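Engineer: Coordinates in structure_15.pdb, PDB, C-alpha atoms, are listed below.
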ATOM      1  CA  MET A  14       0.000   0.000   0.000
ATOM      2  CA  ASN A  15       1.256   3.495  -0.876
ATOM      3  CA  LEU A  16      -0.268   6.733   0.408
ATOM      4  CA  ASN A  17      -0.174   8.935  -2.663
ATOM      5  CA  GLN A  18      -3.046  11.450  -2.529
ATOM      6  CA  ILE A  19      -4.554  13.837   0.018
ATOM      7  CA  THR A  20      -7.511  16.150  -0.684
ATOM      8  CA  VAL A  21      -8.520  19.155   1.427
ATOM      9  CA  ALA A  22     -11.585  21.376   1.131
ATOM     10  CA  THR A  23     -11.722  25.109   0.451
ATOM     11  CA  HIS A  24     -14.255  27.887  -0.065
ATOM     12  CA  ASP A  25     -11.884  29.914  -2.265
ATOM     13  CA  MET A  26     -10.134  27.949  -4.982
ATOM     14  CA  SER A  27      -8.026  30.824  -6.312
ATOM     15  CA  GLN A  28      -6.597  31.626  -2.857
ATOM     16  CA  SER A  29      -5.852  27.950  -2.230
ATOM     17  CA  VAL A  30      -4.172  27.476  -5.617
ATOM     18  CA  ALA A  31      -1.971  30.526  -5.033
ATOM     19  CA  PHE A  32      -1.073  29.312  -1.527
ATOM     20  CA  TYR A  33      -0.045  25.797  -2.568
ATOM     21  CA  GLN A  34       1.894  27.120  -5.558
ATOM     22  CA  LYS A  35       3.803  29.418  -3.166
ATOM     23  CA  LEU A  36       4.600  26.338  -1.076
ATOM     24  CA  GLY A  37       6.210  24.868  -4.192
ATOM     25  CA  LEU A  38       3.620  22.364  -5.378
ATOM     26  CA  GLU A  39       3.188  22.037  -9.169
ATOM     27  CA  LEU A  40      -0.350  22.506 -10.483
ATOM     28  CA  ILE A  41      -1.365  19.666 -12.851
ATOM     29  CA  VAL A  42      -5.201  19.804 -12.828
ATOM     30  CA  ASP A  43      -7.047  23.116 -12.710
ATOM     31  CA  THR A  44     -10.846  23.266 -12.769
ATOM     32  CA  PRO A  45     -13.235  25.651 -10.996
ATOM     33  CA  HIS A  46     -14.142  22.973  -8.416
ATOM     34  CA  TYR A  47     -10.999  20.793  -8.158
ATOM     35  CA  THR A  48      -7.241  21.240  -8.458
ATOM     36  CA  ARG A  49      -4.423  18.734  -8.166
ATOM     37  CA  PHE A  50      -0.740  19.331  -7.537
ATOM     38  CA  VAL A  51       2.381  17.190  -7.711
ATOM     39  CA  VAL A  52       4.496  17.365  -4.577
ATOM     40  CA  PRO A  53       8.059  18.385  -5.577
ATOM     41  CA  GLU A  54       9.744  15.224  -4.291
ATOM     42  CA  GLY A  55       8.436  11.694  -4.726
ATOM     43  CA  GLN A  56       5.255  10.705  -6.545
ATOM     44  CA  ALA A  57       2.571  12.008  -4.164
ATOM     45  CA  THR A  58      -0.195  14.325  -5.302
ATOM     46  CA  PHE A  59      -2.223  16.809  -3.288
ATOM     47  CA  SER A  60      -5.588  18.237  -4.252
ATOM     48  CA  VAL A  61      -8.058  20.900  -3.233
ATOM     49  CA  SER A  62     -11.800  20.516  -3.667
ATOM     50  CA  LEU A  63     -14.254  23.406  -3.653
ATOM     51  CA  THR A  64     -17.105  23.095  -1.176
ATOM     52  CA  GLU A  65     -20.022  25.224  -0.090
ATOM     53  CA  GLU A  66     -20.389  23.213   3.111
ATOM     54  CA  PRO A  67     -18.908  24.607   6.327
ATOM     55  CA  ILE A  68     -15.312  23.510   6.800
ATOM     56  CA  GLN A  69     -14.999  22.189  10.317
ATOM     57  CA  SER A  70     -12.062  23.208  12.481
ATOM     58  CA  PRO A  71      -9.521  20.672  11.280
ATOM     59  CA  ASN A  72      -8.137  18.034  13.571
ATOM     60  CA  THR A  73      -5.767  16.908  10.851
ATOM     61  CA  THR A  74      -2.332  18.338  10.156
ATOM     62  CA  ILE A  75      -0.778  18.046   6.697
ATOM     63  CA  TYR A  76       2.967  17.459   6.849
ATOM     64  CA  PHE A  77       5.454  18.359   4.128
ATOM     65  CA  GLU A  78       9.069  17.412   4.846
ATOM     66  CA  CYS A  79      11.725  19.935   3.813
ATOM     67  CA  GLU A  80      15.377  18.950   4.035
ATOM     68  CA  ASN A  81      16.457  22.578   4.544
ATOM     69  CA  LEU A  82      13.507  23.738   6.629
ATOM     70  CA  ASP A  83      14.877  27.087   7.789
ATOM     71  CA  ALA A  84      15.753  28.166   4.232
ATOM     72  CA  LYS A  85      12.309  27.056   2.981
ATOM     73  CA  VAL A  86      10.557  29.037   5.718
ATOM     74  CA  ALA A  87      12.673  32.127   4.920
ATOM     75  CA  GLU A  88      11.748  31.737   1.223
ATOM     76  CA  LEU A  89       8.032  31.483   2.068
ATOM     77  CA  LEU A  90       8.163  34.450   4.447
ATOM     78  CA  ALA A  91       9.708  36.489   1.628
ATOM     79  CA  LYS A  92       6.748  35.436  -0.563
ATOM     80  CA  GLY A  93       4.345  36.836   2.040
ATOM     81  CA  LEU A  94       3.172  33.672   3.786
ATOM     82  CA  GLU A  95       2.528  34.010   7.522
ATOM     83  CA  PHE A  96       3.533  31.331  10.009
ATOM     84  CA  SER A  97       1.853  30.615  13.325
ATOM     85  CA  GLU A  98       5.091  28.970  14.491
ATOM     86  CA  LEU A  99       8.558  29.504  13.038
ATOM     87  CA  PRO A 100      11.009  26.559  12.947
ATOM     88  CA  VAL A 101      11.609  25.045  16.355
ATOM     89  CA  ASP A 102      13.140  21.762  17.521
ATOM     90  CA  LYS A 103      10.515  19.485  19.075
ATOM     91  CA  GLN A 104      11.008  16.892  21.799
ATOM     92  CA  TRP A 105      10.134  14.137  19.298
ATOM     93  CA  LEU A 106      13.336  15.071  17.397
ATOM     94  CA  TRP A 107      11.675  16.875  14.495
ATOM     95  CA  ARG A 108      12.175  20.520  13.550
ATOM     96  CA  GLU A 109       8.791  22.051  12.659
ATOM     97  CA  ALA A 110       7.146  25.247  11.447
ATOM     98  CA  HIS A 111       3.362  25.734  11.215
ATOM     99  CA  LEU A 112       1.004  27.809   9.100
ATOM    100  CA  LEU A 113      -2.615  27.702   7.926
ATOM    101  CA  ASP A 114      -3.815  27.462   4.351
ATOM    102  CA  PRO A 115      -6.616  29.826   3.219
ATOM    103  CA  ALA A 116      -9.295  27.341   4.378
ATOM    104  CA  GLY A 117      -7.753  27.011   7.848
ATOM    105  CA  ASN A 118      -6.136  23.616   7.244
ATOM    106  CA  ILE A 119      -3.059  23.171   9.426
ATOM    107  CA  ILE A 120       0.176  22.810   7.464
ATOM    108  CA  CYS A 121       3.368  21.622   9.140
ATOM    109  CA  LEU A 122       6.652  22.029   7.301
ATOM    110  CA  TYR A 123       9.231  19.907   9.050
ATOM    111  CA  TYR A 124      12.518  18.068   8.913
ATOM    112  CA  ALA A 125      12.883  14.766  10.749
ATOM    113  CA  GLY A 126      15.627  13.016   8.821
ATOM    114  CA  GLU A 127      16.328   9.520  10.140
ATOM    115  CA  ASN A 128      14.001  10.115  13.108
ATOM    116  CA  ARG A 129      10.862  10.071  10.944
ATOM    117  CA  LEU A 130      11.035   6.320  10.365
ATOM    118  CA  ASN A 131      13.593   5.334  12.992
ATOM    119  CA  PRO A 132      13.128   7.340  16.195
ATOM    120  CA  PRO A 133      15.024   6.071  19.244
ATOM    121  CA  TRP A 134      11.703   4.769  20.659
ATOM    122  CA  ARG A 135      10.715   2.842  17.517
ATOM    123  CA  VAL A 136       8.970  -0.415  18.359
ATOM    124  CA  GLY A 137      11.450  -3.290  18.286
ATOM    125  CA  SER A 138      14.557  -1.065  18.111
ATOM    126  CA  GLU A 139      17.653  -1.788  20.157
ATOM    127  CA  LYS A 140      17.482   1.745  21.623
ATOM    128  CA  GLN A 141      13.917   1.112  22.857
ATOM    129  CA  LYS A 142      14.956  -2.100  24.675
ATOM    130  CA  LYS A 143      17.570  -0.284  26.792
TER     131      LYS A 143
END
Kindly return the structure encoded in the file as structure tokens.
Structural biologist:
Amino acid sequence: MNLNQITVATHDMSQSVAFYQKLGLELIVDTPHYTRFVVPEGQATFSVSLTEEPIQSPNTTIYFECENLDAKVAELLAKGLEFSELPVDKQWLWREAHLLDPAGNIICLYYAGENRLNPPWRVGSEKQKK
């Protein structure tokens, strides 16, 4: 199984398209009610769907890993994006920055490196057994 597509809702397609293009996603499908982007690294796609329904306060965070997180955040700040949290090292060994997309979806830009798949507390790891 391969997770390869995420879709979020929006009330304003043009604002959402502009936001995700600023993040660096490449627009590949563009209709009035649905857009799809290719994520710059790997084969994953990300889409936005227009809705007239209320968008509930999201309990989901969308994560995009950036190898050079601080430089990416500086680039996005220069493009006018606002962050609710600038890059900070977290206790779970990830460096994260947070912002909201135009629909209020939580976006986390982060760098975890080896710790994403192999944290010291990974189930079955030698480090966990100590």
Engineer: Can you list, as a count of residues only, the residues that the PyMOL selection byres ((chain A and resi 49-62) around 12) selects here?
Structural biologist: 49
Engineer: In terms of the shortest atom-to-atom distance over all atoms listed in the file, which of A:Asn81, A:Ser138, A:Thr74, A:Asn131 is closest to Trp105 (chain A)?
Structural biologist: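 When distances to Trp105 (chain A) are compared using all atoms listed in the file, the smallest one comes from A:Asn131.
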Engineer: Nearest to Leu99 (chain A) among A:Glu127, A:Val136, A:Leu113, A:Asp83, with distances taken over all atoms listed in the file: which residue is it?
Structural biologist: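 Counting all atoms listed in the file, the residue closest to Leu99 (chain A) is A:Asp83.
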Engineer: May I have the protein, DNA and RNA residues with any atom at most 12 Å from the point (11.5, 23.3, 17.6), counting only C-alpha atoms, written as a list in words?
Structural biologist: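 It turns out the residues near that spot are Leu82, Asp83, Glu98, Leu99, Pro100, Val101, Asp102, Lys103, Gln104, Trp105, Leu106, Trp107, Arg108, Glu109, Ala110, His111, Cys121, Leu122, Tyr123, Tyr124 and Ala125 of chain A.
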Engineer: Calculate how many Å separate CA of Gly117 (chain A) from CA of Leu89 (chain A), rounding to one decimal.
Structural biologist: 17.4 Å
Engineer: Expressed in Å to a single decimal, how great is the separation between CA of Val86 (chain A) and CA of Ile119 (chain A)?
Structural biologist: 15.3 Å
Engineer: Which value, in Å to one decimal, gives the distance between CA of Ala84 (chain A) and CA of Leu130 (chain A)?
Structural biologist: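 About the pair CA of Ala84 (chain A) and CA of Leu130 (chain A): they are 23.2 Å apart.
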Engineer: Extending 8 Å beyond the listed atoms of region 115-128 of chain A on each side, what axis-aligned box results? I want centre and edge lengths in Å to one decimal, as AutoDock Vina command-line options.
Structural biologist:
--center_x 3.5 --center_y 19.7 --center_z 8.2 --size_x 41.6 --size_y 36.3 --size_z 25.9
